[in-house]
$ cat entry_23.csv   # CSV, C-alpha atoms
chain,number,residue,atom,x,y,z
A,1,MET,CA,-14.5,-22.9,0.3
A,2,THR,CA,-16.0,-19.7,1.7
A,3,ILE,CA,-18.2,-17.2,0.0
A,4,VAL,CA,-17.8,-13.6,1.1
A,5,ASN,CA,-19.5,-10.7,-0.6
A,6,GLY,CA,-20.0,-13.0,-3.6
A,7,ILE,CA,-16.4,-14.0,-3.8
A,8,LEU,CA,-15.3,-17.6,-3.5
A,9,PHE,CA,-12.3,-18.0,-1.2
A,10,ASP,CA,-10.1,-21.0,-0.3
A,11,VAL,CA,-8.3,-20.0,2.9
A,12,GLU,CA,-5.8,-22.4,4.5
A,13,ILE,CA,-4.4,-21.9,8.0
A,14,GLU,CA,-1.0,-23.5,8.6
A,15,SER,CA,0.2,-23.4,12.3
A,16,ASN,CA,0.5,-19.7,13.2
A,17,ALA,CA,0.8,-18.5,9.7
A,18,THR,CA,-1.9,-17.6,7.2
A,19,ARG,CA,-1.7,-19.0,3.7
A,20,LEU,CA,-4.2,-17.6,1.3
A,21,VAL,CA,-5.1,-19.7,-1.8
A,22,PHE,CA,-7.4,-18.0,-4.2
A,23,PRO,CA,-9.3,-20.4,-6.5
A,24,ARG,CA,-9.2,-20.8,-10.2
A,25,ALA,CA,-12.8,-19.8,-10.6
A,26,MET,CA,-12.5,-16.4,-8.9
A,27,GLN,CA,-13.4,-13.6,-11.2
A,28,ARG,CA,-13.6,-10.5,-9.0
A,29,ILE,CA,-12.9,-9.3,-5.5
A,30,ASP,CA,-15.1,-6.9,-3.6
A,31,GLU,CA,-13.0,-4.3,-1.8
A,32,MET,CA,-14.6,-5.2,1.5
A,33,ALA,CA,-14.1,-8.9,1.1
A,34,PHE,CA,-10.8,-8.9,3.0
A,35,GLU,CA,-12.2,-6.9,5.8
A,36,SER,CA,-15.1,-9.3,6.1
A,37,LEU,CA,-12.6,-12.1,6.4
A,38,ASN,CA,-10.8,-10.1,9.1
A,39,LEU,CA,-7.5,-10.3,7.2
A,40,LEU,CA,-6.6,-6.7,7.1
A,41,THR,CA,-4.5,-7.1,10.3
A,42,ALA,CA,-3.8,-10.8,10.0
A,43,SER,CA,-0.3,-12.2,9.9
A,44,ILE,CA,-0.5,-13.2,6.2
A,45,GLU,CA,2.6,-15.2,5.2
A,46,SER,CA,1.9,-16.2,1.6
A,47,ILE,CA,-0.5,-15.5,-1.2
A,48,GLU,CA,-1.3,-17.9,-4.1
A,49,VAL,CA,-3.7,-18.3,-7.0
A,50,GLU,CA,-4.6,-21.6,-8.4
A,51,ASP,CA,-3.3,-22.2,-11.9
A,52,GLY,CA,-5.7,-21.5,-14.7
A,53,ASN,CA,-7.3,-18.3,-13.3
A,54,GLU,CA,-8.0,-16.0,-16.2
A,55,TYR,CA,-8.4,-12.8,-14.1
A,56,PHE,CA,-5.9,-13.0,-11.3
A,57,TYR,CA,-2.4,-14.5,-10.6
A,58,SER,CA,0.1,-14.4,-7.8
A,59,LYS,CA,3.8,-13.5,-8.0
A,60,ASN,CA,6.2,-12.9,-5.2
A,61,ASN,CA,3.4,-13.3,-2.6
A,62,CYS,CA,1.3,-10.6,-4.4
A,63,LEU,CA,-2.2,-11.0,-5.7
A,64,ILE,CA,-2.4,-9.2,-9.1
A,65,GLU,CA,-5.4,-8.5,-11.3
A,66,THR,CA,-4.2,-9.3,-14.8
A,67,ALA,CA,-6.3,-6.9,-17.0
A,68,THR,CA,-5.7,-3.8,-14.9
A,69,LYS,CA,-2.1,-4.6,-13.7
A,70,THR,CA,-3.3,-3.9,-10.2
A,71,LEU,CA,-1.7,-5.3,-7.1
A,72,VAL,CA,-4.8,-6.2,-5.1
A,73,LEU,CA,-3.2,-7.7,-2.0
A,74,GLY,CA,0.2,-8.0,-0.5
A,75,CYS,CA,1.7,-9.2,2.8
A,76,LYS,CA,4.9,-8.9,4.8
A,77,ASN,CA,6.7,-11.3,2.5
A,78,SER,CA,5.6,-9.6,-0.7
A,79,ILE,CA,8.1,-8.3,-3.2
A,80,ILE,CA,6.4,-6.1,-5.8
A,81,PRO,CA,7.3,-7.4,-9.3
A,82,ASP,CA,9.5,-5.1,-11.3
A,83,ASP,CA,8.7,-6.7,-14.7
A,84,GLY,CA,6.0,-4.2,-15.6
A,85,SER,CA,3.2,-6.4,-14.5
A,86,VAL,CA,2.1,-4.0,-11.8
A,87,GLU,CA,1.1,-0.4,-12.5
A,88,ILE,CA,-1.3,0.2,-9.7
A,89,ILE,CA,-1.1,-0.5,-6.0
A,90,GLY,CA,-4.8,-1.0,-5.2
A,91,GLU,CA,-7.0,0.2,-2.3
A,92,TYR,CA,-6.1,-1.6,1.0
A,93,ALA,CA,-3.5,-3.7,-0.7
A,94,PHE,CA,-1.0,-3.6,2.2
A,95,ASN,CA,-3.5,-2.2,4.8
A,96,GLY,CA,-2.6,-3.7,8.2
A,97,CYS,CA,0.6,-5.3,6.9
A,98,MET,CA,2.8,-6.1,9.9
A,99,GLY,CA,6.2,-7.7,10.2
A,100,ALA,CA,8.2,-5.8,7.5
A,101,THR,CA,10.2,-2.7,8.2
A,102,SER,CA,10.7,-1.4,4.6
A,103,ILE,CA,9.3,-1.7,1.1
A,104,GLU,CA,10.5,-0.5,-2.2
A,105,ILE,CA,7.9,0.1,-4.9
A,106,PRO,CA,9.6,-0.6,-8.3
A,107,GLU,CA,9.8,1.5,-11.4
A,108,GLY,CA,6.7,1.0,-13.6
A,109,VAL,CA,4.2,1.5,-10.8
A,110,LYS,CA,2.1,4.7,-11.6
A,111,GLU,CA,-0.5,4.9,-9.0
A,112,ILE,CA,-0.9,4.2,-5.3
A,113,HIS,CA,-4.6,4.2,-4.3
A,114,ASN,CA,-6.5,4.9,-1.1
A,115,MET,CA,-5.4,3.2,2.2
A,116,ALA,CA,-2.9,1.1,0.2
A,117,PHE,CA,-0.2,1.3,3.0
A,118,ALA,CA,-2.3,2.4,6.0
A,119,TYR,CA,-1.9,0.7,9.4
A,120,THR,CA,1.5,-0.8,8.6
A,121,ASP,CA,4.7,-0.8,10.6
A,122,PHE,CA,7.0,0.2,7.7
A,123,GLU,CA,9.8,2.5,8.8
A,124,GLU,CA,11.1,3.2,5.3
A,125,ILE,CA,9.2,3.4,1.9
A,126,VAL,CA,10.8,4.1,-1.5
A,127,ILE,CA,8.5,5.3,-4.2
A,128,PRO,CA,9.7,5.3,-7.9
A,129,GLU,CA,10.2,8.0,-10.4
A,130,SER,CA,7.4,6.5,-12.5
A,131,ILE,CA,4.7,7.3,-9.9
A,132,GLU,CA,2.0,9.7,-11.0
A,133,LEU,CA,-0.5,9.6,-8.2
A,134,ILE,CA,-0.3,9.1,-4.4
A,135,ALA,CA,-4.0,9.1,-3.4
A,136,GLU,CA,-5.9,10.1,-0.3
A,137,GLU,CA,-4.9,8.3,2.9
A,138,SER,CA,-2.3,6.1,1.1
A,139,PHE,CA,0.1,6.1,4.0
A,140,VAL,CA,-2.0,7.3,7.0
A,141,LEU,CA,-1.6,5.8,10.5
A,142,ASN,CA,2.1,4.9,10.2
A,143,PRO,CA,3.6,6.7,13.2
A,144,GLN,CA,6.8,4.7,13.1
A,145,LEU,CA,7.5,5.8,9.5
A,146,LYS,CA,10.9,7.6,9.4
A,147,SER,CA,11.8,7.8,5.7
A,148,ILE,CA,9.8,8.4,2.6
A,149,THR,CA,11.8,8.5,-0.7
A,150,ILE,CA,9.7,9.9,-3.6
A,151,LYS,CA,11.8,9.9,-6.8
A,152,SER,CA,9.2,11.5,-9.0
A,153,LYS,CA,9.3,15.2,-9.6
A,154,ASP,CA,5.7,15.7,-10.8
A,155,ALA,CA,3.6,13.1,-8.9
A,156,PHE,CA,0.2,14.4,-7.7
A,157,ILE,CA,0.2,13.9,-3.9
A,158,ASN,CA,-3.2,14.2,-2.2
A,159,ASN,CA,-3.1,16.5,0.8
A,160,LEU,CA,-4.4,13.6,2.9
A,161,ALA,CA,-1.8,11.1,1.5
A,162,PHE,CA,0.3,11.0,4.6
A,163,GLY,CA,-2.3,12.2,7.1
A,164,THR,CA,-0.5,15.5,7.7
A,165,ILE,CA,-3.3,18.1,7.7
A,166,LEU,CA,-5.3,19.3,10.7
A,167,GLU,CA,-8.5,17.8,9.5
A,168,LEU,CA,-7.0,14.3,10.2
A,169,TYR,CA,-5.5,15.3,13.6
A,170,ASP,CA,-8.5,14.5,15.8
A,171,PHE,CA,-9.7,11.6,13.7
A,172,TYR,CA,-6.5,9.7,13.7
A,173,GLN,CA,-5.2,10.6,17.2
A,174,GLU,CA,-2.1,12.5,18.0
A,175,GLU,CA,0.3,9.6,18.1
A,176,ALA,CA,-0.6,8.6,14.5
A,177,TYR,CA,-0.1,12.0,13.0
A,178,PRO,CA,3.1,12.0,10.9
A,179,ALA,CA,3.6,15.8,11.1
A,180,ASN,CA,4.2,15.4,14.8
A,181,SER,CA,7.1,13.0,14.2
A,182,ASP,CA,10.5,14.7,14.5
A,183,ASP,CA,12.0,11.6,12.9
A,184,LEU,CA,10.0,11.6,9.6
A,185,VAL,CA,12.0,12.7,6.5
A,186,ILE,CA,10.7,13.1,2.9
A,187,LYS,CA,13.6,12.6,0.4
A,188,ALA,CA,12.8,14.0,-3.0
A,189,PRO,CA,14.2,15.8,-6.0
A,190,LYS,CA,14.7,19.6,-6.0
A,191,ASP,CA,11.7,21.5,-7.1
A,192,SER,CA,9.4,18.5,-6.9
A,193,THR,CA,5.8,18.2,-5.7
A,194,ALA,CA,7.1,16.0,-2.9
A,195,LYS,CA,9.4,18.8,-1.7
A,196,ALA,CA,6.5,21.3,-1.8
A,197,TYR,CA,4.4,18.8,0.2
A,198,ALA,CA,7.0,18.4,2.9
A,199,GLN,CA,7.5,22.2,3.2
A,200,ARG,CA,3.7,22.8,3.3
A,201,PHE,CA,3.1,20.4,6.2
A,202,GLY,CA,6.3,21.0,8.1
A,203,ILE,CA,8.0,17.7,7.4
A,204,LYS,CA,11.8,17.4,7.2
A,205,TYR,CA,13.1,17.4,3.7
A,206,GLU,CA,16.3,16.0,2.1
A,207,GLU,CA,17.2,16.6,-1.5
A,208,LEU,CA,17.8,13.5,-3.6
A,209,VAL,CA,21.0,13.9,-5.6

$ encode --input "entry_23.csv" --output "structure tokens"
Amino acid sequence: MTIVNGILFDVEIESNATRLVFPRAMQRIDEMAFESLNLLTASIESIEVEDGNEYFYSKNNCLIETATKTLVLGCKNSIIPDDGSVEIIGEYAFNGCMGATSIEIPEGVKEIHNMAFAYTDFEEIVIPESIELIAEESFVLNPQLKSITIKSKDAFINNLAFGTILELYDFYQEEAYPANSDDLVIKAPKDSTAKAYAQRFGIKYEELV
């Protein structure tokens, strides 16, 4: 057992893969705990929570906070549950996730929080119609990202969500600046906030039928 920022962790390393097992007694997770464990860019293979935890549980290799329906941590083998148990993708949830080329966020998810999908190697991301908020820096530093499908018409998209405004240019370096990628396409409904976002920042747009 390891205590990091007041959180009790049970971390097991199996061969070249990382298996995370969170204990039954865990009640909260400090947002910097994963960074302290140097797991943001680790090759996480599986995520589990011991039976009997009242505050968290794992499903499909996702760590989920029960009360808030927040997906706290995912990995390259995660499949976000589509049963309504997840409404929020939390801060840093997939930050540093490597090894998966695409992810589909299911209907029922309403919010994507800061840095949730930063520093990944996803090439394709699908965001559901139910989404209401795409927060600041949700998808920054993904220069390989080629396709973003946003099914919602009215989602609030923070100007910094995809790292496409000049204030981020110097900070995140040219190669990580999505507006410079000729390959990046935002697919969204006609007259949607996502279409307006794409047009505002010079990103290619395709209308969803």

$ residues_around --input "entry_23.csv" --residues "Leu208 (chain A)" --least-positions-apart "2" --cutoff "7 Å" --atoms "only C-alpha atoms" --output "PyMOL selection string"
chain A and resi 187-189+206

$ residues_around --input "entry_23.csv" --residues "Ile79 (chain A)" --least-positions-apart "5" --cutoff "8 Å" --atoms "all atoms listed in the file" --output "PDB file with C-alpha atoms, in the frame of the given file"
ATOM      1  CA  ASN A  60       6.200 -12.900  -5.200  1.00  0.00           C
ATOM      2  CA  ASN A  61       3.400 -13.300  -2.600  1.00  0.00           C
ATOM      3  CA  CYS A  62       1.300 -10.600  -4.400  1.00  0.00           C
ATOM      4  CA  ILE A 103       9.300  -1.700   1.100  1.00  0.00           C
TER       5      ILE A 103
END

$ residues_around --input "entry_23.csv" --residues "Glu123 (chain A)" --least-positions-apart "5" --cutoff "9 Å" --atoms "only C-alpha atoms" --output "PDB file with C-alpha atoms, keeping the file's coordinate frame"
ATOM      1  CA  ALA A 100       8.200  -5.800   7.500  1.00  0.00           C
ATOM      2  CA  THR A 101      10.200  -2.700   8.200  1.00  0.00           C
ATOM      3  CA  SER A 102      10.700  -1.400   4.600  1.00  0.00           C
ATOM      4  CA  ILE A 103       9.300  -1.700   1.100  1.00  0.00           C
ATOM      5  CA  ASN A 142       2.100   4.900  10.200  1.00  0.00           C
ATOM      6  CA  PRO A 143       3.600   6.700  13.200  1.00  0.00           C
ATOM      7  CA  GLN A 144       6.800   4.700  13.100  1.00  0.00           C
ATOM      8  CA  LEU A 145       7.500   5.800   9.500  1.00  0.00           C
ATOM      9  CA  LYS A 146      10.900   7.600   9.400  1.00  0.00           C
ATOM     10  CA  SER A 147      11.800   7.800   5.700  1.00  0.00           C
ATOM     11  CA  ILE A 148       9.800   8.400   2.600  1.00  0.00           C
TER      12      ILE A 148
END

$ atom_distance --input "entry_23.csv" --atom1 "CA of Tyr55 (chain A)" --atom2 "CA of Asn77 (chain A)"
22.5 Å

$ residues_around --input "entry_23.csv" --residues "Met98 (chain A)" --least-positions-apart "6" --cutoff "8 Å" --atoms "only C-alpha atoms" --output "list in words"
Thr41, Ser43, Cys75, Lys76, Thr120, Asp121 and Phe122 of chain A

$ write_last_selection --input "entry_23.csv" --atoms "C-alpha atoms" --output "short mmCIF file (atom, residue, chain, number, x, y, z; two decimals), in the frame of the given file"
data_model
loop_
_atom_site.label_atom_id
_atom_site.label_comp_id
_atom_site.auth_asym_id
_atom_site.auth_seq_id
_atom_site.Cartn_x
_atom_site.Cartn_y
_atom_site.Cartn_z
CA THR A 41 -4.50 -7.10 10.30
CA SER A 43 -0.30 -12.20 9.90
CA CYS A 75 1.70 -9.20 2.80
CA LYS A 76 4.90 -8.90 4.80
CA THR A 120 1.50 -0.80 8.60
CA ASP A 121 4.70 -0.80 10.60
CA PHE A 122 7.00 0.20 7.70
#

$ closest_atom_pairs --input "entry_23.csv" --of "region 79-179 of chain A" --to "region 44-47 of chain A" --cutoff "10 Å" --atoms "only C-alpha atoms" --output "tab-separated table"
residue	atom	partner	partner_atom	distance
A:Gly96	CA	A:Ile44	CA	9.9
A:Cys97	CA	A:Ile44	CA	8.0
A:Met98	CA	A:Ile44	CA	8.7
A:Gly99	CA	A:Ile44	CA	9.5

$ atom_distance --input "entry_23.csv" --atom1 "CA of Ile64 (chain A)" --atom2 "CA of Ser85 (chain A)"
8.3 Å

$ decode --input "entry_23.csv" --residues "region 180-200 of chain A" --atoms "N, CA and C atoms" --output "mmCIF file, in the first residue's frame"
data_model
loop_
_atom_site.group_PDB
_atom_site.id
_atom_site.type_symbol
_atom_site.label_atom_id
_atom_site.label_comp_id
_atom_site.auth_asym_id
_atom_site.auth_seq_id
_atom_site.Cartn_x
_atom_site.Cartn_y
_atom_site.Cartn_z
ATOM 1 N N ASN A 180 -2.972 24.058 -37.038
ATOM 2 C CA ASN A 180 -1.975 23.945 -38.098
ATOM 3 C C ASN A 180 -2.050 22.620 -38.849
ATOM 4 N N SER A 181 -2.935 21.725 -38.420
ATOM 5 C CA SER A 181 -3.043 20.422 -39.050
ATOM 6 C C SER A 181 -4.045 20.471 -40.193
ATOM 7 N N ASP A 182 -3.559 20.228 -41.404
ATOM 8 C CA ASP A 182 -4.449 20.193 -42.560
ATOM 9 C C ASP A 182 -5.355 18.978 -42.534
ATOM 10 N N ASP A 183 -5.015 17.991 -41.689
ATOM 11 C CA ASP A 183 -5.775 16.747 -41.649
ATOM 12 C C ASP A 183 -6.965 16.802 -40.695
ATOM 13 N N LEU A 184 -6.961 17.736 -39.751
ATOM 14 C CA LEU A 184 -7.999 17.766 -38.726
ATOM 15 C C LEU A 184 -9.334 18.217 -39.306
ATOM 16 N N VAL A 185 -10.391 17.428 -38.998
ATOM 17 C CA VAL A 185 -11.742 17.743 -39.442
ATOM 18 C C VAL A 185 -12.675 17.661 -38.250
ATOM 19 N N ILE A 186 -13.531 18.667 -38.094
ATOM 20 C CA ILE A 186 -14.611 18.613 -37.113
ATOM 21 C C ILE A 186 -15.897 18.285 -37.849
ATOM 22 N N LYS A 187 -16.554 17.205 -37.445
ATOM 23 C CA LYS A 187 -17.828 16.789 -38.032
ATOM 24 C C LYS A 187 -18.942 17.106 -37.041
ATOM 25 N N ALA A 188 -19.913 17.893 -37.472
ATOM 26 C CA ALA A 188 -20.944 18.360 -36.544
ATOM 27 C C ALA A 188 -22.213 18.726 -37.311
ATOM 28 N N PRO A 189 -23.335 18.853 -36.600
ATOM 29 C CA PRO A 189 -24.585 19.216 -37.271
ATOM 30 C C PRO A 189 -24.553 20.643 -37.824
ATOM 31 N N LYS A 190 -25.422 20.881 -38.765
ATOM 32 C CA LYS A 190 -25.590 22.216 -39.336
ATOM 33 C C LYS A 190 -26.034 23.178 -38.239
ATOM 34 N N ASP A 191 -25.518 24.406 -38.292
ATOM 35 C CA ASP A 191 -25.874 25.465 -37.344
ATOM 36 C C ASP A 191 -25.585 25.088 -35.893
ATOM 37 N N SER A 192 -24.562 24.302 -35.666
ATOM 38 C CA SER A 192 -24.186 23.898 -34.310
ATOM 39 C C SER A 192 -23.067 24.773 -33.781
ATOM 40 N N THR A 193 -22.874 24.722 -32.476
ATOM 41 C CA THR A 193 -21.765 25.456 -31.864
ATOM 42 C C THR A 193 -20.426 24.894 -32.333
ATOM 43 N N ALA A 194 -20.394 23.599 -32.622
ATOM 44 C CA ALA A 194 -19.153 22.981 -33.108
ATOM 45 C C ALA A 194 -18.792 23.486 -34.503
ATOM 46 N N LYS A 195 -19.798 23.664 -35.352
ATOM 47 C CA LYS A 195 -19.545 24.223 -36.685
ATOM 48 C C LYS A 195 -18.989 25.641 -36.555
ATOM 49 N N ALA A 196 -19.603 26.438 -35.685
ATOM 50 C CA ALA A 196 -19.137 27.809 -35.473
ATOM 51 C C ALA A 196 -17.706 27.816 -34.944
ATOM 52 N N TYR A 197 -17.395 26.860 -34.065
ATOM 53 C CA TYR A 197 -16.041 26.744 -33.514
ATOM 54 C C TYR A 197 -15.042 26.452 -34.634
ATOM 55 N N ALA A 198 -15.374 25.484 -35.479
ATOM 56 C CA ALA A 198 -14.479 25.115 -36.575
ATOM 57 C C ALA A 198 -14.228 26.299 -37.503
ATOM 58 N N GLN A 199 -15.278 27.010 -37.840
ATOM 59 C CA GLN A 199 -15.143 28.148 -38.742
ATOM 60 C C GLN A 199 -14.344 29.274 -38.102
ATOM 61 N N ARG A 200 -14.541 29.465 -36.824
ATOM 62 C CA ARG A 200 -13.845 30.549 -36.127
ATOM 63 C C ARG A 200 -12.339 30.345 -36.116
#
